[in-house]
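Report on the following structure.
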Amino acid sequence: MAARAGDGDAFGRLVGPLRDELRAHCYRMLGSVHDAEDAVQEALDRAWRSLDRFEDHGSIRPWLYKIATNRSLTIIERRGRRELPTDLSPDGVPLAEAVWLEPYPDRLMGWTTRLGPEARVLARESVELAFVAALQHLSARQRAVLLLRDVLGYASSEAADLLDTTVPAVNSALQRARKVLAGLLPDTSQHQTLDALGDAAQRELAKRYMSAWEAGDVDAIVAMLTEDARYSMPPLRVWYEGYDGIRGFLVDAALRHRWRFLPAWANGQLAFGTYLWNDERGVYAPAGLDLVALRGQRIVEVVSFLDADFPTFGLPAQLTGNDSSDAR
């Protein structure tokens, strides 16, 4: 192959189509877009330097996944797991030491367009926030095994080769990982994907949610929630649960301030860029990226990432207050 002969452009053409899916894999492992990008870049650099050792059996994909997975395992060893506020116990990780889970821009999932409809749905579900958060409770090795087997579809023997271990070790780790996840993930029987909800229903739900916030209508917001809904705002540790808990937060947050919302997409989920009016600057400034999880057609969880980089999610860095819809 030309790449093996030292042709950098040929290597780029060879690995380019796989870069997005490798990043998604590393994100599932690490819970961080930034760490995932670093892991993929280091993996590709290492692959380029070691290309003479690649045994060409028709596809470079498994070899790249092996390098990227091992790089992710090394990164995990250097730090603790990433958290959401709702996963922290009162006597758990000190706030100063908490490392927060990061949202994943849907625009980085362009590789899913090459998949069929069913495979595309599964790919989106594999980066949903609840799933990635649950993965963080697995050991690094269990995480890798489960992703290679249940998400990427490698056989036990193939996963063992990628991880330089044995088939019994893979099967044992997979059994333990599945058991842990079963106790952490929400009941999927009532889980509502965006694809199942349909475009019209998605637009209607998004419109109602944005309008309620911009109008400061606390009752309308609460009416869209499930009884056990949760609301968190990393990097703040505090979070709220249930109608009363969330209503108390909303009375202060929604009524005392002026808001603008824009729809967005992250982790395969409906999301909103939220903007808070800034008197000093005379603009609506970014306040948080809200990821919304649904049960049926109600909201079961909102995670508002206060430090999200809005342009990364296709959102403007600020909004002006010139149009009449800003006034209440």
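The chains in the structure tokens are called A, B, ... from first to last as shown; in each chain the residues are counted from 1, and the ligands are counted from 1 in the order shown.
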Test item: residues at most 10 Å from range 37-40 of chain A, only C-alpha atoms, excluding those fewer than 2 positions along its chain, as a VMD selection string: chain A and resid 19 to 27 30 32 to 35 42 to 46 64 to 65 67 to 75
Range 306-311 of chain A environment, 9 Å, only C-alpha atoms, sequence neighbours closer than 4 positions dropped, as a PyMOL selection string: chain A and resi 102-103+233-236+273+286-290+315-317
Excluding same-chain residues fewer than 5 positions from range 165-182 of chain A, what lies within 8 Å of it counting only C-alpha atoms, as a compact mmCIF listing (two decimals) with all heavy atoms, in the first residue's frame?
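Dumped to result28.txt:
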# COMPACT_ATOMS: atom_id res chain seq x y z
N ALA A 134 -23.35 6.00 32.64
CA ALA A 134 -23.34 4.67 33.26
C ALA A 134 -22.02 3.95 32.99
O ALA A 134 -21.50 3.25 33.85
CB ALA A 134 -24.52 3.85 32.75
N LEU A 135 -21.48 4.13 31.79
CA LEU A 135 -20.20 3.50 31.45
C LEU A 135 -19.09 3.91 32.41
O LEU A 135 -18.16 3.14 32.69
CB LEU A 135 -19.77 3.87 30.03
CG LEU A 135 -20.55 3.23 28.87
CD1 LEU A 135 -20.10 3.83 27.55
CD2 LEU A 135 -20.37 1.72 28.86
N HIS A 137 -19.10 4.12 35.43
CA HIS A 137 -19.11 3.32 36.67
C HIS A 137 -18.45 1.95 36.49
O HIS A 137 -18.31 1.21 37.46
CB HIS A 137 -20.55 3.15 37.17
CG HIS A 137 -21.16 4.42 37.67
ND1 HIS A 137 -21.16 4.77 39.00
CD2 HIS A 137 -21.78 5.43 37.01
CE1 HIS A 137 -21.76 5.95 39.14
NE2 HIS A 137 -22.14 6.36 37.95
N LEU A 138 -18.08 1.64 35.25
CA LEU A 138 -17.38 0.39 34.99
C LEU A 138 -15.87 0.59 35.11
O LEU A 138 -15.37 1.70 34.94
CB LEU A 138 -17.70 -0.11 33.57
CG LEU A 138 -19.17 -0.33 33.20
CD1 LEU A 138 -19.27 -0.74 31.74
CD2 LEU A 138 -19.79 -1.38 34.10
N ARG A 141 -11.29 -1.66 31.91
CA ARG A 141 -11.28 -2.87 31.09
C ARG A 141 -12.70 -3.33 30.77
O ARG A 141 -12.99 -3.73 29.65
CB ARG A 141 -10.50 -3.96 31.83
CG ARG A 141 -10.34 -5.25 31.05
CD ARG A 141 -9.51 -5.09 29.79
NE ARG A 141 -8.21 -4.51 30.02
CZ ARG A 141 -7.13 -4.78 29.30
NH1 ARG A 141 -7.21 -5.65 28.32
NH2 ARG A 141 -5.99 -4.18 29.54
N GLN A 142 -13.60 -3.27 31.77
CA GLN A 142 -15.00 -3.65 31.51
C GLN A 142 -15.63 -2.72 30.48
O GLN A 142 -16.40 -3.15 29.61
CB GLN A 142 -15.80 -3.60 32.82
CG GLN A 142 -15.44 -4.68 33.81
CD GLN A 142 -16.10 -4.46 35.16
OE1 GLN A 142 -16.85 -3.49 35.36
NE2 GLN A 142 -15.83 -5.34 36.11
N ARG A 143 -15.32 -1.44 30.59
CA ARG A 143 -15.83 -0.45 29.65
C ARG A 143 -15.41 -0.81 28.23
O ARG A 143 -16.22 -0.80 27.29
CB ARG A 143 -15.25 0.92 30.03
CG ARG A 143 -16.17 2.09 29.80
CD ARG A 143 -15.51 3.38 30.27
NE ARG A 143 -15.23 3.40 31.71
CZ ARG A 143 -14.63 4.40 32.33
NH1 ARG A 143 -14.22 5.45 31.64
NH2 ARG A 143 -14.43 4.35 33.63
N VAL A 145 -14.38 -3.72 27.02
CA VAL A 145 -14.97 -4.98 26.57
C VAL A 145 -16.41 -4.78 26.14
O VAL A 145 -16.85 -5.24 25.08
CB VAL A 145 -14.87 -6.05 27.68
CG1 VAL A 145 -15.78 -7.24 27.37
CG2 VAL A 145 -13.43 -6.51 27.85
N LEU A 146 -17.20 -4.09 26.96
CA LEU A 146 -18.61 -3.90 26.64
C LEU A 146 -18.78 -3.12 25.34
O LEU A 146 -19.63 -3.45 24.52
CB LEU A 146 -19.32 -3.18 27.79
CG LEU A 146 -20.83 -3.04 27.55
CD1 LEU A 146 -21.62 -3.54 28.74
CD2 LEU A 146 -21.20 -1.59 27.23
N ARG A 149 -17.77 -5.32 22.33
CA ARG A 149 -18.71 -6.42 22.09
C ARG A 149 -20.12 -5.92 21.75
O ARG A 149 -20.68 -6.28 20.72
CB ARG A 149 -18.77 -7.34 23.32
CG ARG A 149 -17.51 -8.15 23.55
CD ARG A 149 -17.43 -9.35 22.60
NE ARG A 149 -18.35 -10.40 23.06
CZ ARG A 149 -19.48 -10.74 22.44
NH1 ARG A 149 -19.84 -10.13 21.33
NH2 ARG A 149 -20.26 -11.70 22.93
N SER A 156 -16.14 -12.25 20.74
CA SER A 156 -15.29 -12.36 21.93
C SER A 156 -13.83 -12.60 21.55
O SER A 156 -12.92 -12.02 22.15
CB SER A 156 -15.79 -13.48 22.84
OG SER A 156 -17.03 -13.16 23.41
N SER A 157 -13.62 -13.44 20.55
CA SER A 157 -12.24 -13.73 20.13
C SER A 157 -11.58 -12.49 19.54
O SER A 157 -10.39 -12.23 19.78
CB SER A 157 -12.23 -14.86 19.11
OG SER A 157 -13.03 -14.53 17.98
N ALA A 159 -12.42 -9.29 20.26
CA ALA A 159 -12.19 -8.36 21.36
C ALA A 159 -10.97 -8.78 22.17
O ALA A 159 -10.18 -7.93 22.62
CB ALA A 159 -13.42 -8.29 22.26
N ALA A 160 -10.81 -10.08 22.37
CA ALA A 160 -9.64 -10.58 23.10
C ALA A 160 -8.35 -10.21 22.37
O ALA A 160 -7.36 -9.81 22.99
CB ALA A 160 -9.73 -12.09 23.28
Alpha helix (DSSP H) call set, DSSP backbone run, range 36-179 of chain A, as number ranges by chain: A: 36-49, 61-78, 117-125, 129-135, 140-146, 156-163, 167-179
Atom-to-atom span, CA of Asp244 in chain A and CA of Tyr231 in chain A, Å: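 Between these atoms lies a distance of 11.8 Å.
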Closest of A:Ala130, A:Ala285, A:Met224, A:Leu108 to Val303 in chain A - atom-to-atom distances counting only C-alpha atoms: A:Ala130
Selected residue of minimal separation from Glu125 in chain A among A:Gly80, A:Leu250, A:Phe261, A:Asn267, counting only C-alpha atoms: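 Between A:Gly80, A:Leu250, A:Phe261, A:Asn267, the residue approaching Glu125 in chain A most closely is A:Asn267.
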Using only C-alpha atoms: which of A:Trp48, A:Trp100, A:Phe249, A:Tyr209 has the shortest distance to Ile60 in chain A: A:Trp48
Long-range neighbours of Gly242 in chain A as a list in words, 7 Å cut-off, only C-alpha atoms, 4 positions minimum in chain: Glu227, Asp228, Ala229, Arg230 and Ile246 of chain A
Put those residues in a file: N, CA and C atoms, as a compact mmCIF listing (two decimals), in the first residue's frame.
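Writing done, so here's out_10.txt:
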# COMPACT_ATOMS: atom_id res chain seq x y z
N GLU A 227 -42.97 13.02 36.97
CA GLU A 227 -43.03 13.23 38.42
C GLU A 227 -41.67 13.08 39.08
N ASP A 228 -40.81 12.21 38.50
CA ASP A 228 -39.49 11.97 39.08
C ASP A 228 -38.36 12.64 38.30
N ALA A 229 -38.70 13.69 37.56
CA ALA A 229 -37.70 14.37 36.73
C ALA A 229 -36.55 14.92 37.58
N ARG A 230 -35.37 15.03 36.93
CA ARG A 230 -34.19 15.58 37.60
C ARG A 230 -33.62 16.71 36.77
N ILE A 246 -37.92 20.98 41.50
CA ILE A 246 -37.59 21.72 40.28
C ILE A 246 -38.38 23.02 40.21
Shell of 9 Å around Val151 in chain A, only C-alpha atoms, local chain residues under 6 positions omitted, as number ranges by chain: A: 122-123, 126
Restrict the selected residues to C-alpha atoms and save them as a PDB file, in the first residue's frame.
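Result file is selection_27.pdb:
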ATOM      1  CA  LEU A 122     -28.235   2.306  17.714  1.00  0.00           C
ATOM      2  CA  ALA A 123     -25.213   4.531  17.074  1.00  0.00           C
ATOM      3  CA  SER A 126     -24.641   4.586  22.197  1.00  0.00           C
TER       4      SER A 126
END
Closest of A:Ala36, A:Val238, A:Ala200, A:Ile76 to Leu88 in chain A - atom-to-atom distances counting only C-alpha atoms: A:Val238
Minimum-distance residue to Ala201 in chain A, chosen among A:Pro186, A:Gly153, A:Leu270, A:Gly31 (using only C-alpha atoms):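 Of A:Pro186, A:Gly153, A:Leu270, A:Gly31, the one nearest Ala201 in chain A is A:Leu270, counting only C-alpha atoms.
Using only C-alpha atoms for every distance, the candidate list A:Arg298, A:Tyr284, A:Glu83, A:Tyr275 yields A:Arg298 as the residue closest to Ile221 in chain A.
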Among the residues of range 33-135 of chain A, find those DSSP assigns to strand (DSSP E) from the backbone and print them as a PDB file with N, CA, C and O atoms, in the first residue's frame.
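Saved result, selection.pdb, follows:
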ATOM      1  N   ARG A  82     -15.400  10.363  35.046  1.00  0.00           N
ATOM      2  CA  ARG A  82     -16.151  11.613  34.892  1.00  0.00           C
ATOM      3  C   ARG A  82     -17.551  11.442  35.474  1.00  0.00           C
ATOM      4  O   ARG A  82     -18.133  10.363  35.409  1.00  0.00           O
ATOM      5  N   GLU A  83     -18.069  12.523  36.030  1.00  0.00           N
ATOM      6  CA  GLU A  83     -19.302  12.454  36.815  1.00  0.00           C
ATOM      7  C   GLU A  83     -20.372  13.391  36.267  1.00  0.00           C
ATOM      8  O   GLU A  83     -20.078  14.358  35.558  1.00  0.00           O
ATOM      9  N   VAL A  99     -14.470  15.491  38.247  1.00  0.00           N
ATOM     10  CA  VAL A  99     -14.202  15.715  36.831  1.00  0.00           C
ATOM     11  C   VAL A  99     -15.502  15.437  36.099  1.00  0.00           C
ATOM     12  O   VAL A  99     -16.056  14.343  36.185  1.00  0.00           O
ATOM     13  N   TRP A 100     -16.009  16.440  35.396  1.00  0.00           N
ATOM     14  CA  TRP A 100     -17.376  16.363  34.891  1.00  0.00           C
ATOM     15  C   TRP A 100     -17.456  15.760  33.499  1.00  0.00           C
ATOM     16  O   TRP A 100     -16.593  15.980  32.643  1.00  0.00           O
TER      17      TRP A 100
END
